[in-house]
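Some notes on the structure that comes next.
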Amino acid sequence: MLDVENITVRFAGLTAVSELSFSVKAGEVFTMMGPNGAGKTTAFNAIGGFVRPAEGAVHFDGKDLVGMPPEKIAGLGIRRTFQNNGILRDMTVLENVLTGLELDTASSFTGAIMGLPKAGRAERESVRRARAIMKEMEIANLEDRKAGDLSFGQQRLVEITRALAAGARLIMLDEPAVGLSPSERGHLGIVLRQLASTGIAVLLVEHVQDLVMAVSDQVLVLNYGKKIAQCPPAEIRQNKDVLEAYLGYA
Amino acid sequence: MPDLQSSGIVAPTVAAAPIRAGARRVRRQRMVALIALGSALCLLPLVLNNYLQFVVNTMLVYCLVAVGFNVVIGYLGQLAFANAAFFGIGAYATGLSMVHFGLPFPAAMVVGTAAGGLAGGLVGLPALRVKGYYLAIITLAVGELLRWVYVHVDKVTFGSGGFNVPDIRFFGPALGDKGKYYLFLAAVGIAIAATSLLLRSRFGRAFVAVRNNENAAASLGIAVRRTKVIAFAWSGLVVGLAGALYAALNGRVSPDTFGLSQMLMHFAIVMIGGLGSLVGSIVGAVLLTAAPELLRNFPGLEEIVFSLLLIGVLFFMPMGIGGLLAAQIPFFRERLYREPDDA
């Protein structure tokens, strides 16, 4: 579904990601890990259109993503969450999820300002859809709460719900477990497995070992922008290069 | 999906159904309140003398000024201070197209509104590149540049003395203050209703999403640059209409009106009223238009009261009057979507 082929990202001479290749299949939880500064978030940003790789290609269902702006990439069914919280703080939970339906809400500008029936129908349909997905994710009772006032765990669920609202096929989560309690992490893991079981591809950047081990089908380890290992989670602990990168010995 | 309630992630506080029942009740209350307010406003001229009528007309114009300004500074969250410039452009375009081309007021009003919208879209362009204080300085400069144009291109604009606007007719005889009132009331009502509908659609949500987090907005499919231009253009359009009405209100347009003190007045109105609040915009406009009139008999007191009001509001209610009302009373909470009837 997602094919990353030999991408290299440079920032003013610094190579953040170097000749990175990997593929994510539908229904799979694919995890990228690696020490701080290894280039995980940069790889995310390259896929999502926030930075442009100097070399290489990113294909999603055969379409080349390099050079596309983020909002176009979102339109293809790729959605993400952010490391430093991508919640829209001043909006309620329902408004956040509705914003995830931006591209699926067909109200035109003139229709909106004149309150035309067609635009009204499109807007109402989106409200219904947002409520349905919130119910499915069990955050319906938070609908009217300001997103900025919620706990980290709740905010993460809102972000994931918002990413799912428009029927995303690939969802990328950048360190979703930051600031979560152990029980919140456990449930995040369950949510991610459930998503994968419905055929959604999940690309995860995460440090937290228990979560990575519990949910991943494949683990890719980055160090200094290069891939040093890719294997199922059970084998990662035995990998010499990985131990060296994390612990400094082999 | 997993059982999150039992884990404590999701506190089972309020069930969703009562929220929506509450939302429907508030909506009925609002319908009633709107009808009552509308009727009261229609009957208002019966109890006003000429002086008070003029003050109320001024309030209507400034309601529009504040609503338009709030779209950019409150909802979109951009520090742009070209609002007095849009106001001036609306007034000049309206007045000059009547004087030079003999346009009737309704047509001139459309010209002024469109000119404001165009100016808004153009001022939105630098906002695609610069933010914060830089944008503030650039947009302030736009206003001063325009004032220079009004003064120096005197063949067209009649220079620093300004010019008189011909009689205001709306498909009939020249309007007095009461006639203008009904014209203004209709224009202001329509413009605020349209703005309210816009804010409660995907466009309004895009404005606030851009204010909160541009990257997150883009990742959800929002075209950030287009969203900014739309907000600026709509803001300019609404304030341009306010300028057109202002030309009609005073019957005179001159460059000094649209300077820094005008801009400060607009800023004070939205800060006191509340950023990102339509009700606040209106309350702020009414208060700050009334204050100078109430204090007219106490020279020197006006500035003091004005300053104290601004300090007091920013100190005790940083979200402005609108924010305070919204936090305390569900009736005043403004949302970025429209509640479906059958939800």
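Naming works like this for the structure tokens: A, B, ... for the chains as they're shown, residue 1 at the start of each chain, ligands 1 onward in shown order.
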Nearby residues (only C-alpha atoms) at most 8 Å from stretch 94-109 of chain A, same-chain spacing under 6 positions excluded, as number ranges by chain:
A: 75, 87-88, 118-120, 122-123, 126-127, 130-131, 134, 143-144, 147, 158-159, 161-166; B: 198, 201-203, 205-206, 209, 220-222, 336-337
6 Å contacts from chain B to chain A using only C-alpha atoms, as a PyMOL selection string
chain B and resi 14-16+194+197-198+212+216+218-223+340
Selection export as a CSV table (one decimal), in the first residue's frame, atoms kept: C-alpha atoms:
```
chain,number,residue,atom,x,y,z
B,14,VAL,CA,-22.4,13.3,30.6
B,15,ALA,CA,-24.2,11.1,28.2
B,16,ALA,CA,-24.4,12.4,24.6
B,194,ALA,CA,-24.1,35.3,6.4
B,197,LEU,CA,-23.5,30.8,8.6
B,198,LEU,CA,-19.9,30.9,7.2
B,212,ASN,CA,-4.7,26.6,16.4
B,216,ALA,CA,-2.5,19.8,11.8
B,218,ALA,CA,-3.0,20.8,6.5
B,219,SER,CA,-2.8,17.1,7.5
B,220,LEU,CA,-6.6,17.1,7.6
B,221,GLY,CA,-6.9,18.3,4.1
B,222,ILE,CA,-7.3,22.0,4.7
B,223,ALA,CA,-5.6,24.2,2.1
B,340,PRO,CA,-29.1,18.9,12.8
```
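In the backbone-derived DSSP annotation, strand (DSSP E) within stretch 90-240 of chain A comprises Leu170, Ile171, Met172, Leu173, Asp174, Ala201, Val202, Leu203, Leu204, Val205, Gln218, Val219, Leu220, Val221, Leu222, Asn223, Lys226, Lys227, Ile228, Ala229, Gln230 and Cys231 of chain A.
Among the candidates B:Leu41, B:Ala247, B:Ile282, B:Ile35, the residue lying nearest to B:Ile89 is B:Ala247 (atoms considered: only C-alpha atoms).
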Quick one: DSSP alpha helix (DSSP H) residues in stretch 30-168 of chain B, as an MDAnalysis selection string?
chainID B and resid 30:43 50:70 83:101 105:124 132:152 154:157
List the spatial neighbours of A:Asn239 as a PyMOL selection string - criterion: any atom at most 12 Å away, only C-alpha atoms, same-chain residues fewer than 3 positions off excluded.
chain A and resi 219-221+228-236+242-247+249-250
Fewer than 3 positions away in the same chain doesn't count, so skip those; otherwise give me all residues within 6 Å of stretch 227-237 of chain B, counting only C-alpha atoms, as JSON, numbers by chain.
{"B": [68, 71, 86, 113, 116, 117, 120, 121, 124, 224, 240]}
Keeping only C-alpha atoms, take the residues you just selected and write them out as an mmCIF file, in the first residue's frame.
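Contents of again00.cif, freshly written:
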```cif
data_model
loop_
_atom_site.group_PDB
_atom_site.id
_atom_site.type_symbol
_atom_site.label_atom_id
_atom_site.label_comp_id
_atom_site.auth_asym_id
_atom_site.auth_seq_id
_atom_site.Cartn_x
_atom_site.Cartn_y
_atom_site.Cartn_z
ATOM 1 C CA GLY B 68 -15.557 41.697 9.927
ATOM 2 C CA VAL B 71 -13.064 37.043 11.314
ATOM 3 C CA PHE B 86 -10.825 48.305 4.484
ATOM 4 C CA THR B 113 -18.359 46.293 -0.573
ATOM 5 C CA GLY B 116 -13.347 46.106 0.476
ATOM 6 C CA GLY B 117 -13.421 42.407 -0.398
ATOM 7 C CA GLY B 120 -9.042 42.118 1.903
ATOM 8 C CA GLY B 121 -7.937 39.417 -0.520
ATOM 9 C CA GLY B 124 -4.289 38.452 2.732
ATOM 10 C CA VAL B 224 -4.053 26.685 4.588
ATOM 11 C CA GLY B 240 -16.106 47.383 3.108
#
```
